[in-house]
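Engineer: Structure: upload-v7.txt, compact mmCIF, C-alpha atoms (C1' of nucleotides).
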# COMPACT_ATOMS: atom_id res chain seq x y z
CA MET A 1 -33.59 -56.13 46.71
CA GLU A 2 -37.17 -56.76 45.68
CA THR A 3 -39.49 -58.83 47.83
CA GLN A 4 -39.89 -61.32 45.02
CA SER A 5 -36.12 -61.86 44.73
CA ALA A 6 -35.89 -62.38 48.46
CA VAL A 7 -38.76 -64.88 48.39
CA ASN A 8 -37.10 -66.75 45.53
CA ALA A 9 -33.81 -66.95 47.41
CA LEU A 10 -35.49 -67.99 50.65
CA ALA A 11 -37.57 -70.64 48.88
CA ALA A 12 -34.45 -71.95 47.18
CA LEU A 13 -32.80 -72.38 50.58
CA ALA A 14 -35.92 -73.75 52.28
CA HIS A 15 -35.18 -77.31 51.23
CA PRO A 16 -32.84 -79.67 53.08
CA GLY A 17 -31.04 -80.83 49.95
CA ARG A 18 -30.53 -77.36 48.52
CA LEU A 19 -29.49 -75.92 51.86
CA GLU A 20 -26.85 -78.63 52.11
CA ILE A 21 -25.67 -77.95 48.56
CA PHE A 22 -25.48 -74.25 49.27
CA ARG A 23 -23.46 -74.74 52.42
CA VAL A 24 -21.08 -77.09 50.62
CA LEU A 25 -20.60 -74.39 48.00
CA VAL A 26 -20.04 -71.70 50.63
CA GLN A 27 -17.35 -73.85 52.20
CA ALA A 28 -15.84 -74.70 48.82
CA GLY A 29 -15.08 -71.03 48.22
CA PRO A 30 -15.30 -68.87 45.11
CA GLU A 31 -13.45 -71.29 42.82
CA GLY A 32 -16.41 -73.67 43.20
CA MET A 33 -16.94 -77.40 42.70
CA ALA A 34 -17.87 -79.66 39.78
CA ALA A 35 -21.48 -80.89 39.83
CA GLY A 36 -20.23 -84.47 40.09
CA ASP A 37 -18.23 -83.65 43.19
CA ILE A 38 -21.25 -81.93 44.73
CA ALA A 39 -23.24 -85.10 44.00
CA LYS A 40 -20.62 -87.16 45.85
CA ALA A 41 -20.48 -84.72 48.75
CA THR A 42 -24.24 -84.64 49.21
CA GLY A 43 -25.28 -88.09 47.97
CA SER A 44 -27.73 -86.63 45.45
CA LEU A 45 -28.81 -88.27 42.21
CA ALA A 46 -27.46 -86.43 39.18
CA ASN A 47 -30.85 -85.35 37.88
CA THR A 48 -32.16 -84.18 41.24
CA LEU A 49 -28.92 -82.33 41.87
CA SER A 50 -29.12 -80.67 38.50
CA THR A 51 -32.65 -79.50 39.20
CA ASN A 52 -31.65 -78.14 42.59
CA LEU A 53 -28.55 -76.40 41.27
CA GLY A 54 -30.79 -74.85 38.64
CA ILE A 55 -33.13 -73.53 41.32
CA LEU A 56 -30.24 -72.12 43.36
CA SER A 57 -28.79 -70.53 40.22
CA ALA A 58 -32.11 -68.96 39.22
CA ALA A 59 -32.25 -67.42 42.69
CA GLY A 60 -28.75 -66.02 42.28
CA LEU A 61 -27.35 -68.22 45.03
CA ALA A 62 -25.07 -70.18 42.67
CA ARG A 63 -23.04 -69.38 39.58
CA SER A 64 -21.86 -71.89 36.99
CA ARG A 65 -19.23 -72.21 34.28
CA ARG A 66 -18.21 -75.07 32.06
CA GLU A 67 -14.75 -76.59 32.32
CA GLY A 68 -14.34 -79.42 29.85
CA ARG A 69 -16.97 -82.03 30.57
CA SER A 70 -17.65 -80.66 34.03
CA ILE A 71 -19.80 -77.76 35.09
CA ILE A 72 -18.37 -75.87 38.02
CA TYR A 73 -20.72 -74.26 40.53
CA ALA A 74 -19.81 -71.61 43.08
CA ALA A 75 -21.88 -69.89 45.75
CA GLY A 76 -23.40 -66.54 44.82
CA TYR A 77 -21.84 -64.64 47.68
CA ASP A 78 -23.12 -61.29 46.57
CA SER A 79 -26.76 -62.41 46.38
CA MET A 80 -26.36 -64.01 49.76
CA ARG A 81 -25.11 -60.73 51.17
CA GLN A 82 -28.04 -58.86 49.62
CA LEU A 83 -30.49 -61.34 51.07
CA LEU A 84 -29.09 -61.01 54.58
CA ALA A 85 -29.11 -57.23 54.26
CA PHE A 86 -32.75 -57.33 53.13
CA LEU A 87 -33.73 -59.47 56.10
CA MET A 88 -32.07 -57.03 58.49
CA GLU A 89 -33.34 -53.92 56.72
CA ASP A 90 -34.94 -51.36 59.00
CA CYS A 91 -34.18 -53.55 61.99
CA CYS A 92 -32.58 -50.46 63.48
CA ALA A 93 -35.51 -48.14 62.92
CA GLY A 94 -35.07 -45.99 65.98
CA ARG A 95 -33.92 -48.68 68.34
CA ALA A 96 -30.29 -49.71 68.37
CA GLU A 97 -30.78 -52.32 71.07
CA ILE A 98 -32.85 -54.52 68.74
CA CYS A 99 -29.93 -54.75 66.37
CA ALA A 100 -27.67 -56.56 68.83
CA PRO A 101 -28.06 -59.73 66.75
CA LEU A 102 -26.01 -58.29 63.94
CA ALA A 103 -23.35 -57.14 66.32
CA LEU A 104 -23.11 -60.73 67.58
CA LEU A 105 -22.93 -62.02 64.05
CA ALA A 106 -20.20 -59.57 63.26
CA SER A 107 -18.18 -60.68 66.24
CA GLY A 108 -17.90 -64.34 65.26
CA PRO A 109 -14.75 -66.47 64.99
CA CYS A 110 -13.25 -64.31 62.27
CA ALA A 111 -13.51 -61.12 64.28
CA ALA A 112 -11.77 -62.94 67.10
CA GLU A 113 -8.86 -63.47 64.72
CA GLY A 114 -8.89 -59.85 63.68
CA ARG A 115 -10.45 -60.56 60.30
CA SER A 116 -13.44 -58.71 58.89
CA CYS A 117 -15.95 -61.54 58.90
CA MET B 1 -29.08 -74.69 64.83
CA GLU B 2 -30.30 -77.84 63.18
CA THR B 3 -30.80 -78.03 59.44
CA GLN B 4 -34.48 -78.75 59.97
CA SER B 5 -34.98 -75.63 62.09
CA ALA B 6 -33.24 -73.55 59.47
CA VAL B 7 -35.41 -75.02 56.72
CA ASN B 8 -38.53 -74.31 58.76
CA ALA B 9 -37.52 -70.71 59.30
CA LEU B 10 -36.53 -70.21 55.66
CA ALA B 11 -39.79 -71.78 54.46
CA ALA B 12 -41.74 -69.53 56.80
CA LEU B 13 -40.06 -66.49 55.27
CA ALA B 14 -40.29 -67.76 51.68
CA HIS B 15 -43.77 -66.36 51.16
CA PRO B 16 -44.54 -62.77 50.18
CA GLY B 17 -47.24 -62.31 52.81
CA ARG B 18 -45.24 -63.79 55.66
CA LEU B 19 -42.09 -61.95 54.66
CA GLU B 20 -44.06 -58.71 54.79
CA ILE B 21 -45.54 -59.60 58.17
CA PHE B 22 -42.11 -60.46 59.50
CA ARG B 23 -40.60 -57.19 58.32
CA VAL B 24 -43.48 -55.23 59.81
CA LEU B 25 -42.80 -56.98 63.12
CA VAL B 26 -39.08 -56.29 62.91
CA GLN B 27 -39.83 -52.63 62.42
CA ALA B 28 -42.43 -52.63 65.16
CA GLY B 29 -39.81 -53.58 67.71
CA PRO B 30 -39.87 -55.96 70.68
CA GLU B 31 -43.10 -54.64 72.17
CA GLY B 32 -44.89 -56.02 69.09
CA MET B 33 -48.23 -55.34 67.41
CA ALA B 34 -51.77 -56.64 67.79
CA ALA B 35 -52.85 -59.11 65.11
CA GLY B 36 -55.56 -56.70 63.99
CA ASP B 37 -53.03 -53.95 63.43
CA ILE B 38 -50.83 -56.32 61.46
CA ALA B 39 -53.88 -57.14 59.35
CA LYS B 40 -54.41 -53.44 58.65
CA ALA B 41 -50.73 -52.86 57.92
CA THR B 42 -50.53 -55.75 55.47
CA GLY B 43 -54.05 -55.95 54.09
CA SER B 44 -54.42 -59.62 55.06
CA LEU B 45 -57.67 -61.38 55.83
CA ALA B 46 -57.92 -62.35 59.48
CA ASN B 47 -57.88 -66.09 58.88
CA THR B 48 -54.98 -66.02 56.44
CA LEU B 49 -53.04 -63.74 58.76
CA SER B 50 -53.67 -66.02 61.69
CA THR B 51 -52.43 -69.01 59.72
CA ASN B 52 -49.33 -67.13 58.65
CA LEU B 53 -48.59 -65.84 62.14
CA GLY B 54 -48.92 -69.42 63.34
CA ILE B 55 -46.36 -70.57 60.77
CA LEU B 56 -43.95 -67.79 61.73
CA SER B 57 -44.42 -68.61 65.42
CA ALA B 58 -43.84 -72.33 64.88
CA ALA B 59 -40.58 -71.42 63.17
CA GLY B 60 -39.58 -69.24 66.12
CA LEU B 61 -39.72 -66.06 64.06
CA ALA B 62 -42.61 -64.58 66.06
CA ARG B 63 -43.71 -64.62 69.70
CA SER B 64 -47.20 -63.94 70.95
CA ARG B 65 -48.95 -62.93 74.14
CA ARG B 66 -52.55 -62.07 74.89
CA GLU B 67 -53.54 -58.61 76.03
CA GLY B 68 -57.26 -58.40 76.63
CA ARG B 69 -59.03 -59.28 73.43
CA SER B 70 -55.95 -58.72 71.33
CA ILE B 71 -53.05 -61.02 70.71
CA ILE B 72 -49.76 -59.19 70.43
CA TYR B 73 -47.06 -60.54 68.13
CA ALA B 74 -43.39 -59.58 68.17
CA ALA B 75 -40.51 -60.66 65.96
CA GLY B 76 -38.37 -63.51 67.24
CA TYR B 77 -35.12 -61.62 67.10
CA ASP B 78 -33.06 -64.36 68.64
CA SER B 79 -34.20 -67.00 66.16
CA MET B 80 -33.53 -64.56 63.37
CA ARG B 81 -30.00 -64.07 64.64
CA GLN B 82 -29.46 -67.83 64.85
CA LEU B 83 -30.73 -68.29 61.32
CA LEU B 84 -28.39 -65.66 59.90
CA ALA B 85 -25.50 -67.16 61.83
CA PHE B 86 -26.34 -70.61 60.45
CA LEU B 87 -26.40 -69.29 56.91
CA MET B 88 -22.98 -67.71 57.35
CA GLU B 89 -21.51 -70.66 59.25
CA ASP B 90 -18.16 -71.84 57.95
CA CYS B 91 -18.18 -69.07 55.39
CA CYS B 92 -14.82 -68.17 56.83
CA ALA B 93 -13.31 -71.65 56.57
CA GLY B 94 -9.78 -70.65 55.72
CA ARG B 95 -10.62 -67.66 53.57
CA ALA B 96 -11.35 -64.34 55.20
CA GLU B 97 -11.87 -62.54 51.90
CA ILE B 98 -15.09 -64.49 51.22
CA CYS B 99 -16.54 -63.13 54.40
CA ALA B 100 -16.49 -59.51 53.27
CA PRO B 101 -20.29 -59.61 52.94
CA LEU B 102 -20.74 -59.74 56.69
CA ALA B 103 -18.36 -56.87 57.17
CA LEU B 104 -20.50 -54.84 54.78
CA LEU B 105 -23.65 -55.85 56.63
CA ALA B 106 -22.07 -54.85 59.90
CA SER B 107 -21.17 -51.42 58.55
CA GLY B 108 -24.69 -50.33 57.67
CA PRO B 109 -26.48 -47.12 58.71
CA CYS B 110 -26.25 -47.93 62.39
CA ALA B 111 -22.48 -48.29 62.35
CA ALA B 112 -22.34 -44.91 60.65
CA GLU B 113 -24.11 -43.51 63.69
CA GLY B 114 -21.74 -45.28 66.04
CA ARG B 115 -24.24 -47.92 67.04
CA SER B 116 -23.55 -51.66 67.07
CA CYS B 117 -25.94 -52.73 64.36
C1' DT C 1 -76.39 -63.41 80.30
C1' DC C 2 -76.37 -61.25 75.86
C1' DT C 3 -73.75 -58.92 72.29
C1' DA C 4 -69.74 -57.39 70.01
C1' DT C 5 -64.92 -57.72 69.10
C1' DA C 6 -60.63 -60.15 68.19
C1' DC C 7 -58.60 -64.17 66.68
C1' DT C 8 -58.19 -69.08 65.50
C1' DT C 9 -59.36 -73.53 63.51
C1' DC C 10 -61.30 -76.48 60.03
C1' DC C 11 -61.93 -77.68 55.42
C1' DA C 12 -61.66 -78.60 50.38
C1' DG C 13 -60.34 -77.28 45.86
C1' DA C 14 -56.62 -75.22 43.26
C1' DA C 15 -51.92 -74.45 42.60
C1' DC C 16 -47.40 -75.55 43.35
C1' DT C 17 -43.13 -78.52 44.39
C1' DA C 18 -40.39 -82.81 44.72
C1' DT C 19 -38.66 -87.09 43.04
C1' DA C 20 -36.77 -90.43 39.99
C1' DG C 21 -36.64 -93.05 35.52
C1' DA C 22 -35.65 -92.49 30.75
C1' DA C 23 -33.98 -89.93 26.99
C1' DT C 24 -30.96 -86.19 25.34
C1' DT C 25 -27.09 -82.89 24.94
C1' DT C 26 -22.28 -81.61 25.27
C1' DT C 27 -17.55 -82.57 25.39
C1' DA C 28 -13.37 -85.53 25.47
C1' DT C 29 -10.80 -89.63 24.16
C1' DT C 30 -9.36 -93.40 21.09
C1' DA D 1 -16.53 -92.00 13.65
C1' DA D 2 -17.40 -94.57 17.82
C1' DT D 3 -17.43 -94.71 22.73
C1' DA D 4 -17.54 -92.89 27.23
C1' DA D 5 -18.23 -89.37 30.69
C1' DA D 6 -20.74 -85.46 32.77
C1' DA D 7 -24.69 -83.10 33.17
C1' DT D 8 -29.33 -81.59 31.71
C1' DT D 9 -34.15 -82.02 30.19
C1' DC D 10 -38.50 -84.36 29.92
C1' DT D 11 -42.30 -86.55 32.10
C1' DA D 12 -45.45 -88.66 35.35
C1' DT D 13 -46.66 -89.46 39.99
C1' DA D 14 -46.88 -88.25 44.69
C1' DG D 15 -47.03 -85.10 47.97
C1' DT D 16 -47.27 -80.33 49.97
C1' DT D 17 -48.87 -75.60 50.42
C1' DC D 18 -52.12 -71.78 49.63
C1' DT D 19 -56.49 -69.54 50.00
C1' DG D 20 -60.84 -68.04 51.61
C1' DG D 21 -65.45 -69.26 53.48
C1' DA D 22 -67.69 -70.96 57.50
C1' DA D 23 -67.69 -72.21 62.12
C1' DG D 24 -65.59 -72.02 66.67
C1' DT D 25 -63.20 -69.96 70.94
C1' DA D 26 -61.89 -66.27 74.13
C1' DT D 27 -62.49 -61.80 76.24
C1' DA D 28 -64.78 -57.42 77.42
C1' DG D 29 -68.61 -54.51 78.23
C1' DA D 30 -73.66 -53.53 78.95
Could you write out this structure as C-alpha cells?
Structural biologist:
Amino acid sequence: METQSAVNALAALAHPGRLEIFRVLVQAGPEGMAAGDIAKATGSLANTLSTNLGILSAAGLARSRREGRSIIYAAGYDSMRQLLAFLMEDCCAGRAEICAPLALLASGPCAAEGRSC
Amino acid sequence: METQSAVNALAALAHPGRLEIFRVLVQAGPEGMAAGDIAKATGSLANTLSTNLGILSAAGLARSRREGRSIIYAAGYDSMRQLLAFLMEDCCAGRAEICAPLALLASGPCAAEGRSC
DNA sequence: TCTATACTTCCAGAACTATAGAATTTTATT
DNA sequence: AATAAAATTCTATAGTTCTGGAAGTATAGA
C-alpha cells in the first residue's frame, strides 16, 4: 500500500460521521445496507451521507451497487485489512516484544471461540 | 476507546508527514529517537516537526521525555493497539468469515518465525 | 555569564474540508 | 406519460488545517 492510499483511508475515517458509517457497514456484513437505511441508522441528511459515502468509497473503504431504486453499500474489508497491515508494517523489525499489540488483537473474542478473527 | 479519541488518532495519522514520522518511530522501537534525528530521517523543518510531534503526542501515538538538550520521542504502542482494536470492533458480530483479515494480519512475517506478532 | 545547540510556540496567509439548501438524475409504479 | 421514491450533484458559506518565518524557552559547555 502506498502512503497516499493510507493517508486517504485514514482521512476518510478521521471524521465522526464517516467513522460511524464505516462501523455500521462493518457490522452490517458483506451484503451491505441501502443508503437510506444507513441514513436512518446514523441520523445523517441524505446529501451529507452521500458525500461521506463517496469519500469512503474513493478511499476503498466502501463498495456500492445499485438494486432498484436503492444503492447498497458494503464495507471494503480488503482495503481495511491492507490499511491495518500498513500501519503495523515493520513493527517487528528486530524486536518481537514490540509486536505484542497484534498478538492481543489476534486473541480477541473470536479467538476465544476458536474462530480465526 | 471513545469515538473522539479514535478520530483524533486517525486525523493525526492522516497526513503524509506525520504518518512517516509515526512509522519511523514504530521502527525505532520503544527506546525512541531524538527529535533532531527524526528531522534528519524525514527531512522535516524543526518547527513543522515539532508541531507534528505535538499532534501525534496529543493523540497518544507518541510519548516524549527529555534527555539533556534532546527530547526523545517513542511510538505510543498501546494507543496504536487500542486504535486497531477499535477499528476491528464488532467485525465479528455473528460472522467469523468477515474477520479473515485479522487472521491474515496475525500470520505475517513474525508468525512465520514463530513469534507472536 | 556568555554562546551554542535543541526544540517549541506564535502567527498569518493559503489551502483544504464540512455542511446544508436547492436542483438534478435514476428508477419504479400507476 | 405522470408521479413518487432514492440518491447524487451543485453551490455558497463557515470553519479547520497546513506551512514556514520569526521569536522564545531550556539545557549544556566554556
Engineer: (-32.1, -75.8, 51.3) in this file's frame - what residues fall within 10 Å of it? Use only C-alpha atoms (C1' of nucleotides) and give the answer as JSON, numbers by chain.
Structural biologist: {"A": [9, 10, 11, 12, 13, 14, 15, 16, 17, 18, 19, 20, 21, 22, 23, 52, 56], "B": [3, 4, 6, 7, 8, 10, 11]}
Engineer: Would you please work out which residue, of A:Ala28, A:Ile72, A:Ala85, A:Ala62, is nearest to chain D when using only C-alpha atoms (C1' of nucleotides)?
Structural biologist: A:Ile72
Engineer: Find the residues of chain A that sit at most 9 Å from chain C; for each, write down the nearest two atoms and how far apart they are in Å, to one decimal. Count all atoms listed in the file. Sort by chain, then by number going up, and give it as JSON lines.
Structural biologist:
{"residue": "A:Leu45", "atom": "CA", "partner": "C:DA20", "partner_atom": "C1'", "distance": 8.5}
{"residue": "A:Asn47", "atom": "CA", "partner": "C:DA20", "partner_atom": "C1'", "distance": 8.1}
{"residue": "A:Thr48", "atom": "CA", "partner": "C:DT19", "partner_atom": "C1'", "distance": 7.3}
{"residue": "A:Gly68", "atom": "CA", "partner": "C:DT27", "partner_atom": "C1'", "distance": 6.3}
{"residue": "A:Arg69", "atom": "CA", "partner": "C:DT27", "partner_atom": "C1'", "distance": 5.2}
{"residue": "A:Ser70", "atom": "CA", "partner": "C:DT27", "partner_atom": "C1'", "distance": 8.8}
Engineer: Enter the distance from atom CA of Lys40 of chain B to atom CA of Leu25 of chain B, in Å, rounded to one decimal.
Structural biologist: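 These two atoms are separated by 12.9 Å.
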Engineer: Within 9 Å of Asp78 of chain A, counting all atoms listed in the file, which residues show up once you throw out same-chain ones fewer than 4 positions away? Write them as a list in words, please.
Structural biologist: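 Neighbouring residues, sequence-local ones excluded: Gly60, Leu61, Gln82 and Leu83 of chain A; Pro101 of chain B.
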Engineer: Where's the centre, and what are the edge lengths in Å to one decimal, of a box along x, y and z enclosing all listed atoms of segment 37-41 of chain B padded 5 Å per side, as lines of an AutoDock Vina configuration file?
Structural biologist:
center_x = -52.6
center_y = -55.0
center_z = 60.7
size_x = 13.7
size_y = 14.3
size_z = 15.5
Engineer: As an exercise, work out the distance from atom CA of Phe86 of chain A to atom CA of Gly36 of chain B in Å and give it to one decimal place.
Structural biologist: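 Computed distance, atom CA of Phe86 of chain A to atom CA of Gly36 of chain B, equals 25.3 Å.
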Engineer: Set the cut-off to 10 Å and count only C-alpha atoms (C1' of nucleotides): what are the residues of chain D that reach chain A? Output as a short mmCIF file (atom, residue, chain, number, x, y, z; two decimals) with C-alpha atoms (C1' of nucleotides), in the coordinates of the input.
Structural biologist:
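Okay, iface.cif is ready:
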data_model
loop_
_atom_site.label_atom_id
_atom_site.label_comp_id
_atom_site.auth_asym_id
_atom_site.auth_seq_id
_atom_site.Cartn_x
_atom_site.Cartn_y
_atom_site.Cartn_z
"C1'" DA D 5 -18.23 -89.37 30.69
"C1'" DA D 6 -20.74 -85.46 32.77
"C1'" DA D 7 -24.69 -83.10 33.17
"C1'" DT D 8 -29.33 -81.59 31.71
"C1'" DT D 9 -34.15 -82.02 30.19
#
Engineer: Please indicate the distance in Å from atom CA of Met88 of chain B to atom CA of Asp90 of chain A, rounded to one decimal place.
Structural biologist: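 We find that atom CA of Met88 of chain B and atom CA of Asp90 of chain A lie 20.3 Å from each other.
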Engineer: Check the smallest atom-to-atom distance from each of B:Leu53, B:Val26, B:Ala74, B:Ala39 to chain A using only C-alpha atoms, then report the winner.
Structural biologist: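 Looking at the shortest contact to chain A, the residue is B:Val26.
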Engineer: Which is closer to chain B than all the others in A:Gly43, A:Arg66, A:Gly29, A:Met1, using only C-alpha atoms?
Structural biologist: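 That would be A:Gly29, the residue with the smallest distance to chain B.
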Engineer: B:Gly32, B:Glu89, B:Asp37, B:Met80: which is nearest Arg65 of chain B, counting all atoms listed in the file?
Structural biologist: B:Gly32
Engineer: So, counting only C-alpha atoms, which residue among A:Gln27, A:Ser79, A:Ser5, A:Ser64 is closest to chain B?
Structural biologist: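 Smallest distance to chain B is found for A:Gln27.
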